Amino acid sequence: MSQVPSVSSFHATARAAAGSEPAQTPQHFASDNYAGICPEALHYLIDANASGHEVAYGDDTWTQRVCDGIRQLFDTDCEVFFVFNGTAANSLALASLSQSYHSVICHELAHVETDECGGPEFFSNGAKLLTARGRENNGKLTPDAVESVINRRSDIHFPKPKVVTLTQATEVGTVYSVDEIQAISAVAKRRNLRVHMDGARFANAVATLGCHPGDVTWRAGVDVLCFGGTKNGLPVGEAVVFFNRALAEDFAYRVKQAGQLASKMRFISAPWLGMLEHDTWLRNARHANAMAQLLAQRLRDVPGVSLMFETQANAVFAELPLHVIEALRAEGWRFYTFIGAGGCRFMCAWDTRPETVERLAADIRQLSVKA
C-alpha cells in the first residue's frame, strides 16, 4: 500500500472535462457523492432517453441488459433489483432477511448503524441492530466479535440474531479481505445466519483487493450485496444483488411498497451499462483509490498531522490541529469531521484530480508549519 497506483488511464478528453474546475475553487473532499456523472454513464443515460418509449417499471430492454451484465460480472445467476439510494438498498435487503423479532449484527461504526436514521429497523418493522467492536480499531467485524454477539443471550426476551452485515469498504476506509469475509461467513452459516454486504463503495474494495468480484461476495458466503454506483460515477441508483435467489422472493413487492420502484426504470439502469462496459466501474474506483493514496503519502510526514487508519480505499482519515481545520474551511475546502471514528475525512472520487490533491496537501502542510 506504500506505492501510489498509476493514474495513466485517467486521460480521455471527456473525463478531463468532467473533472475540470475553476482555477481558484477548491474541490470538495467531503464525499464522493459530490462528484458528477462520469461520461460513460452519462452516454447511456442520454442514449436511453433518445431511444423513445420503453416499457415501464423495469420491464424495459435497458434494465434487462444491465441485469444480465451484472450476472456476467459476478459469474453467477443472481436476482438484481434497482432502488434510488443506498439507505433503501440496505434497509430493504436487511428487511428481506429478517423478521421483526430478529436482530442484525453489525460493527459499531457500520453505516447502517450510524447514518441511516433507523431505516433498517423501520423497514423490517423492528428488527434490532446489535453492534460489536472488532479486535482492532479498523472498522471491521471479526468472527470472534460475531460469536460474542450471538452468545450474549439466547432467551426469548432477546431479539434472535439472524443476519450479519458487513460494510465493504468500511466507514473508516479499510477493506475486508476475501479470507476475512470467508471466516465471518463460516460463523454465520454455522449459526444459521444470513450475510449481507453494504457495498456502497464495493468497487473501491475490489480495486484494492484485485480479486474477482465473485470471490469477495457469493463465493465467500455473501447472500446479498447492495452494489453501490452513485459514489462511483452514476447519477442515481443502487443495485441489490441476491446471490441466494430464494431470499429474493417477494422482494419486488418490498421495493414497490417502500416507494422505490421507478416507473421509468431505464433511467436508473441504463447508466450502469456505461459502468459495466470496459470495466469503467473498476477504473473509476482505481483512480479514486489512487488519489487517496497520493493524499495519504503527502500527509504522512506533515508536522502535527497523523493518519488514523490505513488508506485502503478512497478515504483518508487524519487528525489535524484545530487551527488547521478552521483555516482550511475558511479557504473553502469541504470535508467531514463526524464520519466513522472522528478526525477529518477526505474522500476522493472518480473525477478527483492529482493537482487538486497536491493543492490540498500543500495547504495542510503550510498551515501546519505556520503553527
# chains A, B, ... in the order shown; residues from 1 in each chain; ligands from 1
$ residues_around --residues "Asp59 of chain A" --least-positions-apart "2" --cutoff "12 Å" --atoms "only C-alpha atoms" --output "list in words"
Glu54, Val55, Ala56, Tyr57, Thr61, Trp62, Thr63, Gln64, Arg65, Val66, Cys67, Phe81, Leu261, Ala262, Ser263, Lys264, Met265, Arg266 and Ser269 of chain A
$ write_last_selection --atoms "N, CA, C and O atoms" --output "PDB file, in the first residue's frame"
ATOM      1  N   GLU A  54     -40.372   3.268 -23.877  1.00  0.00           N
ATOM      2  CA  GLU A  54     -39.969   1.950 -23.383  1.00  0.00           C
ATOM      3  C   GLU A  54     -40.991   1.482 -22.352  1.00  0.00           C
ATOM      4  O   GLU A  54     -41.685   2.292 -21.732  1.00  0.00           O
ATOM      5  N   VAL A  55     -41.061   0.184 -22.151  1.00  0.00           N
ATOM      6  CA  VAL A  55     -41.958  -0.383 -21.149  1.00  0.00           C
ATOM      7  C   VAL A  55     -41.529   0.103 -19.764  1.00  0.00           C
ATOM      8  O   VAL A  55     -40.335   0.266 -19.483  1.00  0.00           O
ATOM      9  N   ALA A  56     -42.492   0.354 -18.894  1.00  0.00           N
ATOM     10  CA  ALA A  56     -42.216   0.929 -17.573  1.00  0.00           C
ATOM     11  C   ALA A  56     -41.936  -0.143 -16.523  1.00  0.00           C
ATOM     12  O   ALA A  56     -42.075  -1.338 -16.765  1.00  0.00           O
ATOM     13  N   TYR A  57     -41.518   0.342 -15.343  1.00  0.00           N
ATOM     14  CA  TYR A  57     -41.357  -0.455 -14.123  1.00  0.00           C
ATOM     15  C   TYR A  57     -40.353  -1.596 -14.228  1.00  0.00           C
ATOM     16  O   TYR A  57     -40.491  -2.624 -13.575  1.00  0.00           O
ATOM     17  N   THR A  61     -35.901  -3.004 -22.073  1.00  0.00           N
ATOM     18  CA  THR A  61     -34.728  -3.726 -22.581  1.00  0.00           C
ATOM     19  C   THR A  61     -33.437  -3.274 -21.898  1.00  0.00           C
ATOM     20  O   THR A  61     -32.514  -4.070 -21.714  1.00  0.00           O
ATOM     21  N   TRP A  62     -33.361  -2.001 -21.507  1.00  0.00           N
ATOM     22  CA  TRP A  62     -32.160  -1.491 -20.853  1.00  0.00           C
ATOM     23  C   TRP A  62     -31.910  -2.208 -19.521  1.00  0.00           C
ATOM     24  O   TRP A  62     -30.793  -2.642 -19.225  1.00  0.00           O
ATOM     25  N   THR A  63     -32.972  -2.321 -18.728  1.00  0.00           N
ATOM     26  CA  THR A  63     -32.843  -2.959 -17.420  1.00  0.00           C
ATOM     27  C   THR A  63     -32.473  -4.421 -17.567  1.00  0.00           C
ATOM     28  O   THR A  63     -31.644  -4.940 -16.799  1.00  0.00           O
ATOM     29  N   GLN A  64     -33.051  -5.088 -18.542  1.00  0.00           N
ATOM     30  CA  GLN A  64     -32.724  -6.493 -18.754  1.00  0.00           C
ATOM     31  C   GLN A  64     -31.265  -6.665 -19.150  1.00  0.00           C
ATOM     32  O   GLN A  64     -30.585  -7.597 -18.692  1.00  0.00           O
ATOM     33  N   ARG A  65     -30.759  -5.760 -19.978  1.00  0.00           N
ATOM     34  CA  ARG A  65     -29.349  -5.828 -20.392  1.00  0.00           C
ATOM     35  C   ARG A  65     -28.417  -5.640 -19.187  1.00  0.00           C
ATOM     36  O   ARG A  65     -27.403  -6.334 -19.057  1.00  0.00           O
ATOM     37  N   VAL A  66     -28.767  -4.708 -18.326  1.00  0.00           N
ATOM     38  CA  VAL A  66     -27.919  -4.448 -17.154  1.00  0.00           C
ATOM     39  C   VAL A  66     -27.948  -5.640 -16.198  1.00  0.00           C
ATOM     40  O   VAL A  66     -26.903  -6.047 -15.666  1.00  0.00           O
ATOM     41  N   CYS A  67     -29.120  -6.188 -15.953  1.00  0.00           N
ATOM     42  CA  CYS A  67     -29.210  -7.364 -15.062  1.00  0.00           C
ATOM     43  C   CYS A  67     -28.359  -8.508 -15.587  1.00  0.00           C
ATOM     44  O   CYS A  67     -27.644  -9.180 -14.823  1.00  0.00           O
ATOM     45  N   PHE A  81     -32.127  -6.091  -8.457  1.00  0.00           N
ATOM     46  CA  PHE A  81     -33.165  -5.064  -8.318  1.00  0.00           C
ATOM     47  C   PHE A  81     -32.482  -3.701  -8.202  1.00  0.00           C
ATOM     48  O   PHE A  81     -31.349  -3.593  -7.744  1.00  0.00           O
ATOM     49  N   LEU A 261     -39.801   1.796  -6.400  1.00  0.00           N
ATOM     50  CA  LEU A 261     -39.944   1.249  -7.741  1.00  0.00           C
ATOM     51  C   LEU A 261     -40.058   2.401  -8.739  1.00  0.00           C
ATOM     52  O   LEU A 261     -41.060   3.120  -8.766  1.00  0.00           O
ATOM     53  N   ALA A 262     -39.036   2.573  -9.544  1.00  0.00           N
ATOM     54  CA  ALA A 262     -39.029   3.659 -10.529  1.00  0.00           C
ATOM     55  C   ALA A 262     -39.895   3.281 -11.719  1.00  0.00           C
ATOM     56  O   ALA A 262     -39.718   2.210 -12.308  1.00  0.00           O
ATOM     57  N   SER A 263     -40.826   4.146 -12.074  1.00  0.00           N
ATOM     58  CA  SER A 263     -41.659   3.862 -13.246  1.00  0.00           C
ATOM     59  C   SER A 263     -40.823   3.905 -14.520  1.00  0.00           C
ATOM     60  O   SER A 263     -40.948   3.038 -15.385  1.00  0.00           O
ATOM     61  N   LYS A 264     -39.946   4.898 -14.633  1.00  0.00           N
ATOM     62  CA  LYS A 264     -39.027   4.964 -15.774  1.00  0.00           C
ATOM     63  C   LYS A 264     -37.681   4.356 -15.360  1.00  0.00           C
ATOM     64  O   LYS A 264     -36.650   5.028 -15.322  1.00  0.00           O
ATOM     65  N   MET A 265     -37.733   3.074 -15.100  1.00  0.00           N
ATOM     66  CA  MET A 265     -36.582   2.362 -14.554  1.00  0.00           C
ATOM     67  C   MET A 265     -35.339   2.479 -15.433  1.00  0.00           C
ATOM     68  O   MET A 265     -34.214   2.458 -14.941  1.00  0.00           O
ATOM     69  N   ARG A 266     -35.545   2.629 -16.734  1.00  0.00           N
ATOM     70  CA  ARG A 266     -34.403   2.652 -17.639  1.00  0.00           C
ATOM     71  C   ARG A 266     -33.436   3.790 -17.329  1.00  0.00           C
ATOM     72  O   ARG A 266     -32.240   3.686 -17.617  1.00  0.00           O
ATOM     73  N   SER A 269     -31.272   2.258 -14.609  1.00  0.00           N
ATOM     74  CA  SER A 269     -30.480   1.092 -15.011  1.00  0.00           C
ATOM     75  C   SER A 269     -29.532   1.364 -16.171  1.00  0.00           C
ATOM     76  O   SER A 269     -28.385   0.890 -16.161  1.00  0.00           O
TER      77      SER A 269
END
$ closest_atom_pairs --of "segment 41-132 of chain A" --to "segment 221-224 of chain A" --cutoff "10 Å" --atoms "only C-alpha atoms" --output "tab-separated table"
residue	atom	partner	partner_atom	distance
A:Cys78	CA	A:Val224	CA	9.5
A:Glu79	CA	A:Val224	CA	9.5
A:Val80	CA	A:Val224	CA	9.9
A:Asn90	CA	A:Val224	CA	9.6
A:Ala93	CA	A:Val224	CA	7.3
A:Leu94	CA	A:Val224	CA	8.9
A:Ser96	CA	A:Val224	CA	9.9
A:Leu97	CA	A:Val224	CA	9.0
$ atom_distance --atom1 "atom CA of Gln260 of chain A" --atom2 "atom CA of Gly237 of chain A"
9.9 Å
$ select_by_dssp --residues "segment 131-360 of chain A" --states "strand (DSSP E or B)" --output "PyMOL selection string"
chain A and resi 131-132+160-167+194-199+224-227+238-242+306-307+315-319+336+344-347
$ write_last_selection --atoms "C-alpha atoms" --output "short mmCIF file (atom, residue, chain, number, x, y, z; two decimals), in the first residue's frame"
data_model
loop_
_atom_site.label_atom_id
_atom_site.label_comp_id
_atom_site.auth_asym_id
_atom_site.auth_seq_id
_atom_site.Cartn_x
_atom_site.Cartn_y
_atom_site.Cartn_z
CA THR A 131 -23.37 -3.66 17.40
CA ALA A 132 -19.95 -5.15 18.05
CA LYS A 160 -32.79 -13.58 17.84
CA PRO A 161 -29.67 -12.99 15.69
CA LYS A 162 -30.45 -13.67 12.04
CA VAL A 163 -28.15 -11.56 9.85
CA VAL A 164 -24.54 -10.38 9.79
CA THR A 165 -23.94 -7.23 7.77
CA LEU A 166 -20.51 -6.15 6.53
CA THR A 167 -19.65 -2.67 5.24
CA ARG A 194 -27.55 -14.74 6.57
CA VAL A 195 -24.73 -12.50 5.31
CA HIS A 196 -25.45 -9.07 3.85
CA MET A 197 -22.86 -6.73 2.38
CA ASP A 198 -23.29 -2.97 2.30
CA GLY A 199 -21.27 -2.27 -0.83
CA VAL A 224 -26.99 -10.34 -0.67
CA LEU A 225 -24.91 -7.41 -1.92
CA CYS A 226 -26.01 -3.79 -2.14
CA PHE A 227 -23.83 -2.78 -5.07
CA GLU A 238 -28.03 1.24 -6.39
CA ALA A 239 -28.33 -2.42 -7.31
CA VAL A 240 -29.50 -5.02 -4.80
CA VAL A 241 -28.00 -8.34 -5.86
CA PHE A 242 -29.34 -11.58 -4.37
CA SER A 306 -1.39 11.88 11.94
CA LEU A 307 -3.17 9.33 9.76
CA ALA A 315 -10.84 7.77 2.01
CA VAL A 316 -8.12 9.38 4.09
CA PHE A 317 -8.75 9.89 7.81
CA ALA A 318 -6.36 12.26 9.54
CA GLU A 319 -6.11 14.07 12.83
CA TYR A 336 -16.34 15.94 7.29
CA CYS A 344 -11.01 14.66 9.31
CA ARG A 345 -12.24 12.53 6.44
CA PHE A 346 -11.04 13.41 2.96
CA MET A 347 -12.95 11.45 0.34
#
